[in-house]
>>> print(open('structure16.pdb').read())   # PDB, C-alpha atoms and all ligand atoms
ATOM      1  CA  MET A  15     -32.409  15.114  -7.340
ATOM      2  CA  SER A  16     -28.985  16.596  -8.007
ATOM      3  CA  ARG A  17     -26.047  14.410  -8.870
ATOM      4  CA  PHE A  18     -24.293  15.398  -5.668
ATOM      5  CA  SER A  19     -27.082  14.263  -3.364
ATOM      6  CA  LEU A  20     -27.453  10.984  -5.279
ATOM      7  CA  ILE A  21     -23.785  10.278  -4.733
ATOM      8  CA  SER A  22     -23.907  11.254  -1.081
ATOM      9  CA  LEU A  23     -27.051   9.154  -0.560
ATOM     10  CA  SER A  24     -25.408   6.075  -2.016
ATOM     11  CA  LEU A  25     -22.298   6.748   0.049
ATOM     12  CA  ILE A  26     -24.310   7.019   3.252
ATOM     13  CA  SER A  27     -26.277   3.853   2.530
ATOM     14  CA  SER A  28     -23.115   1.906   1.718
ATOM     15  CA  LEU A  29     -21.604   3.073   4.998
ATOM     16  CA  LEU A  30     -24.719   2.051   6.901
ATOM     17  CA  LEU A  31     -24.979  -1.324   5.187
ATOM     18  CA  ALA A  32     -21.289  -2.243   5.531
ATOM     19  CA  GLU A  33     -20.897  -4.747   8.330
ATOM     20  CA  PRO A  34     -17.695  -4.558  10.351
ATOM     21  CA  LEU A  35     -15.384  -7.504   9.747
ATOM     22  CA  THR A  36     -15.555 -10.141  12.487
ATOM     23  CA  GLN A  37     -12.479 -12.032  13.659
ATOM     24  CA  ASP A  38     -13.774 -15.258  12.107
ATOM     25  CA  GLN A  39     -14.306 -13.537   8.777
ATOM     26  CA  ALA A  40     -10.813 -12.038   8.992
ATOM     27  CA  ILE A  41      -9.310 -15.497   9.586
ATOM     28  CA  GLN A  42     -11.291 -16.943   6.700
ATOM     29  CA  LYS A  43     -10.323 -14.133   4.357
ATOM     30  CA  GLY A  44      -6.663 -14.339   5.439
ATOM     31  CA  SER A  45      -6.625 -18.055   4.828
ATOM     32  CA  VAL A  46      -8.187 -17.784   1.355
ATOM     33  CA  LEU A  47      -5.848 -14.948   0.314
ATOM     34  CA  SER A  48      -2.678 -16.556   1.671
ATOM     35  CA  SER A  49      -3.508 -19.827  -0.128
ATOM     36  CA  ALA A  50      -4.150 -17.885  -3.334
ATOM     37  CA  LEU A  51      -0.767 -16.183  -3.017
ATOM     38  CA  VAL A  52       1.130 -19.415  -2.285
ATOM     39  CA  GLN A  53      -0.603 -21.149  -5.182
ATOM     40  CA  LYS A  54       0.097 -18.312  -7.593
ATOM     41  CA  LEU A  55       3.765 -17.916  -6.621
ATOM     42  CA  SER A  56       4.597 -21.620  -6.501
ATOM     43  CA  GLY A  57       2.771 -22.299  -9.784
ATOM     44  CA  GLU A  58       4.659 -19.540 -11.582
ATOM     45  CA  LEU A  59       7.947 -20.545  -9.962
ATOM     46  CA  LYS A  60       7.598 -24.168 -11.047
ATOM     47  CA  ALA A  61       6.787 -23.154 -14.641
ATOM     48  CA  GLN A  62       9.760 -20.768 -14.732
ATOM     49  CA  MET A  63      12.199 -23.333 -13.307
ATOM     50  CA  GLN A  64      11.128 -25.747 -16.038
ATOM     51  CA  SER A  65      11.207 -23.262 -18.893
ATOM     52  CA  VAL A  66      14.145 -20.939 -18.118
ATOM     53  CA  GLY A  67      16.075 -22.723 -15.340
ATOM     54  CA  VAL A  68      16.992 -21.594 -11.872
ATOM     55  CA  VAL A  69      18.779 -18.309 -12.726
ATOM     56  CA  GLY A  70      15.932 -17.289 -15.043
ATOM     57  CA  ALA A  71      13.424 -18.188 -12.319
ATOM     58  CA  LEU A  72      15.388 -16.071  -9.837
ATOM     59  CA  HIS A  73      15.030 -13.039 -12.113
ATOM     60  CA  PHE A  74      11.365 -13.861 -12.562
ATOM     61  CA  CYS A  75      10.897 -13.750  -8.770
ATOM     62  CA  THR A  76      12.766 -10.440  -8.585
ATOM     63  CA  GLN A  77      10.492  -8.901 -11.191
ATOM     64  CA  ASN A  78       7.182 -10.501 -10.313
ATOM     65  CA  ALA A  79       6.875 -11.745  -6.711
ATOM     66  CA  LEU A  80       5.851  -8.352  -5.343
ATOM     67  CA  VAL A  81       3.689  -7.538  -8.369
ATOM     68  CA  LEU A  82       1.711 -10.788  -8.021
ATOM     69  CA  SER A  83       1.226 -10.249  -4.311
ATOM     70  CA  ASP A  84       0.106  -6.630  -4.881
ATOM     71  CA  GLN A  85      -2.392  -7.838  -7.486
ATOM     72  CA  ILE A  86      -4.094 -10.163  -4.996
ATOM     73  CA  ALA A  87      -4.033  -7.391  -2.391
ATOM     74  CA  GLN A  88      -5.647  -4.849  -4.697
ATOM     75  CA  GLU A  89      -8.363  -7.236  -5.846
ATOM     76  CA  SER A  90      -9.273  -7.948  -2.231
ATOM     77  CA  ASN A  91      -8.811  -4.452  -0.780
ATOM     78  CA  THR A  92      -6.144  -5.695   1.629
ATOM     79  CA  SER A  93      -2.414  -5.288   1.941
ATOM     80  CA  ILE A  94      -0.266  -8.396   1.602
ATOM     81  CA  LYS A  95       3.442  -8.973   2.132
ATOM     82  CA  ARG A  96       5.894 -11.790   2.731
ATOM     83  CA  VAL A  97       8.448 -11.014   5.403
ATOM     84  CA  SER A  98      11.429 -12.839   6.873
ATOM     85  CA  ALA A  99      13.954 -12.510   9.695
ATOM     86  CA  LYS A 100      16.577 -13.592   7.123
ATOM     87  CA  ASN A 101      15.321 -11.790   4.058
ATOM     88  CA  ARG A 102      16.569 -11.684   0.504
ATOM     89  CA  ASN A 103      14.766  -8.572  -0.748
ATOM     90  CA  PRO A 104      15.369  -5.637   1.658
ATOM     91  CA  ILE A 105      11.682  -4.694   1.192
ATOM     92  CA  ASN A 106      10.718  -7.996   2.852
ATOM     93  CA  ALA A 107      12.559  -7.377   6.144
ATOM     94  CA  ALA A 108      10.327  -8.101   9.142
ATOM     95  CA  THR A 109       9.453  -5.142  11.402
ATOM     96  CA  PRO A 110      10.365  -5.482  15.114
ATOM     97  CA  GLU A 111       6.755  -6.492  15.853
ATOM     98  CA  GLU A 112       6.805  -9.126  13.107
ATOM     99  CA  GLN A 113      10.216 -10.345  14.342
ATOM    100  CA  THR A 114       8.621 -11.059  17.728
ATOM    101  CA  ILE A 115       6.082 -13.416  16.151
ATOM    102  CA  LEU A 116       8.759 -15.108  14.028
ATOM    103  CA  HIS A 117      10.968 -15.629  17.107
ATOM    104  CA  GLN A 118       8.051 -17.161  18.974
ATOM    105  CA  TRP A 119       7.463 -19.621  16.129
ATOM    106  CA  GLU A 120      11.222 -20.387  15.905
ATOM    107  CA  GLY A 121      11.082 -21.282  19.590
ATOM    108  CA  LEU A 122       8.205 -23.694  18.972
ATOM    109  CA  LEU A 123      10.089 -25.378  16.110
ATOM    110  CA  GLN A 124      13.243 -25.704  18.220
ATOM    111  CA  THR A 125      11.289 -27.560  20.898
ATOM    112  CA  GLN A 126       9.560 -29.773  18.315
ATOM    113  CA  GLN A 127       6.155 -28.189  18.862
ATOM    114  CA  PRO A 128       3.707 -27.626  16.030
ATOM    115  CA  LEU A 129       3.253 -24.122  14.653
ATOM    116  CA  PRO A 130      -0.204 -22.536  14.642
ATOM    117  CA  ALA A 131      -1.816 -22.422  11.183
ATOM    118  CA  HIS A 132      -2.069 -18.656  11.688
ATOM    119  CA  THR A 133      -2.083 -15.837  14.234
ATOM    120  CA  ILE A 134      -4.631 -13.024  14.156
ATOM    121  CA  GLN A 135      -4.393  -9.631  15.836
ATOM    122  CA  GLY A 136      -6.991  -6.890  16.149
ATOM    123  CA  ASP A 137      -5.702  -3.528  14.909
ATOM    124  CA  SER A 138      -6.371  -0.216  16.638
ATOM    125  CA  ASP A 139      -8.538   0.932  13.683
ATOM    126  CA  GLY A 140     -10.921  -2.026  14.029
ATOM    127  CA  GLY A 141      -9.314  -4.110  11.260
ATOM    128  CA  TYR A 142      -7.181  -7.236  11.685
ATOM    129  CA  THR A 143      -3.710  -8.438  10.792
ATOM    130  CA  TYR A 144      -3.386 -12.082   9.787
ATOM    131  CA  TYR A 145      -0.030 -13.887   9.988
ATOM    132  CA  LYS A 146       0.709 -17.230   8.349
ATOM    133  CA  PRO A 147       4.006 -19.121   8.750
ATOM    134  CA  ILE A 148       5.949 -20.063   5.607
ATOM    135  CA  ILE A 149       7.812 -23.325   6.142
ATOM    136  CA  ILE A 150      10.337 -24.793   3.708
ATOM    137  CA  ALA A 151       8.287 -27.844   2.769
ATOM    138  CA  ASN A 152       9.529 -28.383  -0.760
ATOM    139  CA  GLU A 153      13.042 -29.343  -1.901
ATOM    140  CA  ALA A 154      12.678 -26.890  -4.804
ATOM    141  CA  CYS A 155      12.849 -23.962  -2.354
ATOM    142  CA  LEU A 156      16.362 -25.041  -1.368
ATOM    143  CA  LYS A 157      17.586 -24.468  -4.928
ATOM    144  CA  CYS A 158      17.557 -20.728  -4.146
ATOM    145  CA  HIS A 159      17.381 -20.693  -0.337
ATOM    146  CA  GLY A 160      19.558 -23.707   0.629
ATOM    147  CA  ASP A 161      23.346 -24.025   0.469
ATOM    148  CA  ILE A 162      24.461 -22.504  -2.823
ATOM    149  CA  ALA A 163      27.939 -23.137  -4.242
ATOM    150  CA  ALA A 164      29.928 -19.876  -4.191
ATOM    151  CA  ASP A 165      31.296 -20.472  -7.701
ATOM    152  CA  SER A 166      27.879 -21.049  -9.329
ATOM    153  CA  PRO A 167      26.132 -18.662 -11.772
ATOM    154  CA  LEU A 168      23.156 -18.670  -9.378
ATOM    155  CA  TYR A 169      25.302 -17.422  -6.486
ATOM    156  CA  LYS A 170      26.612 -14.597  -8.681
ATOM    157  CA  ALA A 171      23.096 -13.697  -9.827
ATOM    158  CA  ILE A 172      21.846 -13.595  -6.219
ATOM    159  CA  LYS A 173      24.771 -11.491  -5.014
ATOM    160  CA  SER A 174      24.514  -9.018  -7.870
ATOM    161  CA  THR A 175      20.763  -8.466  -7.402
ATOM    162  CA  TYR A 176      20.772  -8.747  -3.597
ATOM    163  CA  PRO A 177      24.189  -7.751  -2.177
ATOM    164  CA  GLU A 178      22.719  -7.980   1.348
ATOM    165  CA  ASP A 179      21.063 -11.387   0.792
ATOM    166  CA  ARG A 180      20.517 -13.377   3.999
ATOM    167  CA  ALA A 181      18.104 -15.958   2.596
ATOM    168  CA  THR A 182      20.392 -18.972   2.058
ATOM    169  CA  GLY A 183      21.442 -21.880   4.271
ATOM    170  CA  TYR A 184      17.870 -23.009   4.948
ATOM    171  CA  LYS A 185      16.974 -26.689   5.449
ATOM    172  CA  MET A 186      13.731 -28.604   4.975
ATOM    173  CA  GLY A 187      11.273 -27.793   7.762
ATOM    174  CA  ASP A 188      12.826 -24.389   8.573
ATOM    175  CA  LEU A 189      10.694 -21.316   9.109
ATOM    176  CA  ARG A 190      11.360 -19.211   6.004
ATOM    177  CA  GLY A 191       9.160 -16.303   7.053
ATOM    178  CA  MET A 192       5.491 -15.443   7.037
ATOM    179  CA  ILE A 193       2.678 -13.948   5.020
ATOM    180  CA  VAL A 194       1.222 -10.816   6.616
ATOM    181  CA  ILE A 195      -2.221  -9.648   5.499
ATOM    182  CA  THR A 196      -3.799  -6.431   6.755
ATOM    183  CA  LEU A 197      -7.584  -6.582   6.528
ATOM    184  CA  PRO A 198      -9.545  -3.350   6.802
ATOM    185  CA  LYS A 199     -12.436  -2.990   9.241
ATOM    186  CA  GLN A 200     -15.133  -3.122   6.564
ATOM    187  CA  ASN A 201     -15.727  -6.166   4.392
TER     188      ASN A 201
HETATM  189  C1  LIG A 301      14.504 -19.515  -8.469
HETATM  190  C2  LIG A 301      14.913 -19.055  -7.158
HETATM  191  C3  LIG A 301      13.929 -19.171  -6.012
HETATM  192  C4  LIG A 301      13.267 -20.296  -5.586
HETATM  193  C5  LIG A 301      13.309 -21.693  -6.180
HETATM  194  C6  LIG A 301      12.525 -19.898  -4.421
HETATM  195  N1  LIG A 301      12.736 -18.572  -4.144
HETATM  196 FE1  LIG A 301      12.014 -17.541  -2.550
HETATM  197  N2  LIG A 301      12.849 -15.839  -3.271
HETATM  198  C7  LIG A 301      13.598 -15.740  -4.433
HETATM  199  C8  LIG A 301      13.860 -14.333  -4.712
HETATM  200  C9  LIG A 301      14.644 -13.772  -5.888
HETATM  201  C10 LIG A 301      13.248 -13.598  -3.688
HETATM  202  C11 LIG A 301      13.198 -12.091  -3.534
HETATM  203  C12 LIG A 301      12.105 -11.544  -4.435
HETATM  204  C13 LIG A 301      10.989 -10.920  -3.705
HETATM  205  O1  LIG A 301      10.118 -11.651  -3.199
HETATM  206  O2  LIG A 301      10.965  -9.717  -3.623
HETATM  207  C14 LIG A 301      12.608 -14.582  -2.807
HETATM  208  C15 LIG A 301      11.910 -14.238  -1.681
HETATM  209  C16 LIG A 301      11.250 -15.135  -0.869
HETATM  210  C17 LIG A 301      10.501 -14.759   0.323
HETATM  211  C18 LIG A 301      10.280 -13.338   0.839
HETATM  212  C19 LIG A 301      11.262 -12.950   1.901
HETATM  213  C20 LIG A 301      12.629 -12.580   1.370
HETATM  214  O3  LIG A 301      13.579 -13.266   1.774
HETATM  215  O4  LIG A 301      12.775 -11.630   0.572
HETATM  216  C21 LIG A 301       9.994 -15.904   0.840
HETATM  217  C22 LIG A 301       9.145 -16.032   2.079
HETATM  218  C23 LIG A 301      10.414 -16.997  -0.029
HETATM  219  N3  LIG A 301      11.190 -16.487  -1.050
HETATM  220  C24 LIG A 301      10.061 -18.318   0.163
HETATM  221  C25 LIG A 301      10.315 -19.317  -0.773
HETATM  222  C26 LIG A 301       9.763 -20.650  -0.681
HETATM  223  C27 LIG A 301       8.875 -21.165   0.451
HETATM  224  C28 LIG A 301      10.184 -21.334  -1.783
HETATM  225  C29 LIG A 301       9.794 -22.731  -2.222
HETATM  226  C30 LIG A 301       8.384 -22.932  -2.523
HETATM  227  C31 LIG A 301      11.030 -20.414  -2.554
HETATM  228  N4  LIG A 301      11.072 -19.205  -1.912
HETATM  229  C32 LIG A 301      11.699 -20.747  -3.712
HETATM  230  C33 LIG A 301      14.041 -16.785  -5.203
HETATM  231  C34 LIG A 301      13.582 -18.089  -5.106
END
>>> encode(input="structure16.pdb", output="structure tokens")
Amino acid sequence: MSRFSLISLSLISSLLLAEPLTQDQAIQKGSVLSSALVQKLSGELKAQMQSVGVVGALHFCTQNALVLSDQIAQESNTSIKRVSAKNRNPINAATPEEQTILHQWEGLLQTQQPLPAHTIQGDSDGGYTYYKPIIIANEACLKCHGDIAADSPLYKAIKSTYPEDRATGYKMGDLRGMIVITLPKQN
């Protein structure tokens, strides 16, 4: 058999064998991947804060937060981002559709109602998008997202890297943003 037909045979069988992703599987996959991302980022952040201090850790986030998230996305054949209504990195600005979900969750928090662990939406191509709230649950987050003294080296470092920064002034329990994971139709 020629090489071409072997390849096309294996392609056809993999297409036939691939089961479409169910909503439950999408939720499970979203939950595993979002936990992996949170664990990876917070582990690295903690180590950096201890070894190079807060300004060094800020630069570490600038250089590595997106890279680490892309790594997890590539390994799992998904796309992963962290978005916010008050973003630091312009790349992480929420789209109008994402803003709607964030506003809904803000409303729940304002009326002292619990947030859902996640929201899942079916996409028009048969895949799913998984959304997970990011709450400020750790005092360490406030070091770079709380009230930062305008005469501090950290403030200068933030302003020089992110002139449009909107990600300060947060308090414990605030909604910082969300993780958005796009899961393709096939597992
Ligand atoms: C050492 C400073 C520092 C600390 C501490 C820190 N962050 Fe950030 N954070 C950053 C920087 C810098 C960015 C922008 C880099 C990026 O993700 O592209 C960022 C971006 C984010 C984003 C993406 C949205 C945006 O605004 O760009 C979220 C969500 C976020 N941080 C949540 C947290 C949470 C939750 C904690 C506590 C566990 C935390 N951060 C602690 C520096 C920090």
>>> closest_residue(input="structure16.pdb", among="A:Ile41, A:Leu116, A:Leu47, A:Ile148", to="ligand LIG 301 (chain A)", atoms="all atoms listed in the file")
A:Ile148
>>> atom_distance(input="structure16.pdb", atom1="CA of Ile149 in chain A", atom2="atom C10 of ligand LIG 301 (chain A)")
14.9 Å
>>> residues_near_point(input="structure16.pdb", point="(14.1, -15.1, 4.3)", cutoff="7 Å", atoms="only C-alpha atoms", output="list in words")
Ser98, Ala99, Lys100, Asn101, Arg102, Arg180, Ala181, Arg190 and Gly191 of chain A
>>> write_last_selection(input="structure16.pdb", atoms="C-alpha atoms", output="PDB file, in the coordinates of the input")
ATOM      1  CA  SER A  98      11.429 -12.839   6.873  1.00  0.00           C
ATOM      2  CA  ALA A  99      13.954 -12.510   9.695  1.00  0.00           C
ATOM      3  CA  LYS A 100      16.577 -13.592   7.123  1.00  0.00           C
ATOM      4  CA  ASN A 101      15.321 -11.790   4.058  1.00  0.00           C
ATOM      5  CA  ARG A 102      16.569 -11.684   0.504  1.00  0.00           C
ATOM      6  CA  ARG A 180      20.517 -13.377   3.999  1.00  0.00           C
ATOM      7  CA  ALA A 181      18.104 -15.958   2.596  1.00  0.00           C
ATOM      8  CA  ARG A 190      11.360 -19.211   6.004  1.00  0.00           C
ATOM      9  CA  GLY A 191       9.160 -16.303   7.053  1.00  0.00           C
TER      10      GLY A 191
END
>>> residues_around(input="structure16.pdb", residues="Pro147 in chain A", least_positions_apart="3", cutoff="7 Å", atoms="all atoms listed in the file", output="list in words")
His132, Gly191, Met192 and Ile193 of chain A
>>> axis_aligned_box(input="structure16.pdb", around="ligand LIG 301 (chain A)", padding_each_side="5 Å", output="JSON")
{"center_x": 11.6, "center_y": -16.3, "center_z": -3.2, "size_x": 16.5, "size_y": 23.2, "size_z": 20.5}
>>> residues_near_ligand(input="structure16.pdb", ligand="ligand LIG 301 (chain A)", cutoff="8 Å", atoms="all atoms listed in the file", output="ChimeraX atom specification")
/A:55-56,59-60,62-63,67-80,96-107,148-159,172,179-181,190-193
>>> resolve_selection(input="structure16.pdb", expression="the PyMOL selection byres (((chain A and resi 34) around 7) and not hetatm)", output="PyMOL selection string")
chain A and resi 32-33+35-36+199-201
>>> resolve_selection(input="structure16.pdb", expression="the PyMOL selection byres (((chain A and resi 115) around 12) and not hetatm)", output="short mmCIF file (atom, residue, chain, number, x, y, z; two decimals) with C-alpha atoms, in the coordinates of the input")
data_model
loop_
_atom_site.label_atom_id
_atom_site.label_comp_id
_atom_site.auth_asym_id
_atom_site.auth_seq_id
_atom_site.Cartn_x
_atom_site.Cartn_y
_atom_site.Cartn_z
CA VAL A 97 8.45 -11.01 5.40
CA SER A 98 11.43 -12.84 6.87
CA ALA A 99 13.95 -12.51 9.70
CA ALA A 108 10.33 -8.10 9.14
CA THR A 109 9.45 -5.14 11.40
CA PRO A 110 10.36 -5.48 15.11
CA GLU A 111 6.76 -6.49 15.85
CA GLU A 112 6.80 -9.13 13.11
CA GLN A 113 10.22 -10.34 14.34
CA THR A 114 8.62 -11.06 17.73
CA LEU A 116 8.76 -15.11 14.03
CA HIS A 117 10.97 -15.63 17.11
CA GLN A 118 8.05 -17.16 18.97
CA TRP A 119 7.46 -19.62 16.13
CA GLU A 120 11.22 -20.39 15.90
CA GLY A 121 11.08 -21.28 19.59
CA LEU A 122 8.20 -23.69 18.97
CA LEU A 129 3.25 -24.12 14.65
CA PRO A 130 -0.20 -22.54 14.64
CA HIS A 132 -2.07 -18.66 11.69
CA THR A 133 -2.08 -15.84 14.23
CA ILE A 134 -4.63 -13.02 14.16
CA GLN A 135 -4.39 -9.63 15.84
CA TYR A 144 -3.39 -12.08 9.79
CA TYR A 145 -0.03 -13.89 9.99
CA LYS A 146 0.71 -17.23 8.35
CA PRO A 147 4.01 -19.12 8.75
CA LEU A 189 10.69 -21.32 9.11
CA GLY A 191 9.16 -16.30 7.05
CA MET A 192 5.49 -15.44 7.04
CA ILE A 193 2.68 -13.95 5.02
CA VAL A 194 1.22 -10.82 6.62
#
>>> atom_distance(input="structure16.pdb", atom1="CA of Ile94 in chain A", atom2="CA of Lys173 in chain A")
26.1 Å
>>> atom_distance(input="structure16.pdb", atom1="CA of Ser49 in chain A", atom2="CA of Leu82 in chain A")
13.1 Å
>>> residues_near_point(input="structure16.pdb", point="(-2.4, -6.9, 4.2)", cutoff="8 Å", atoms="only C-alpha atoms", output="MDAnalysis selection string")
chainID A and resid 87 92:95 143:144 194:197
>>> closest_residue(input="structure16.pdb", among="A:Val66, A:Ile162, A:Ala171, A:Leu51", to="Ser90 in chain A", atoms="only C-alpha atoms")
A:Leu51
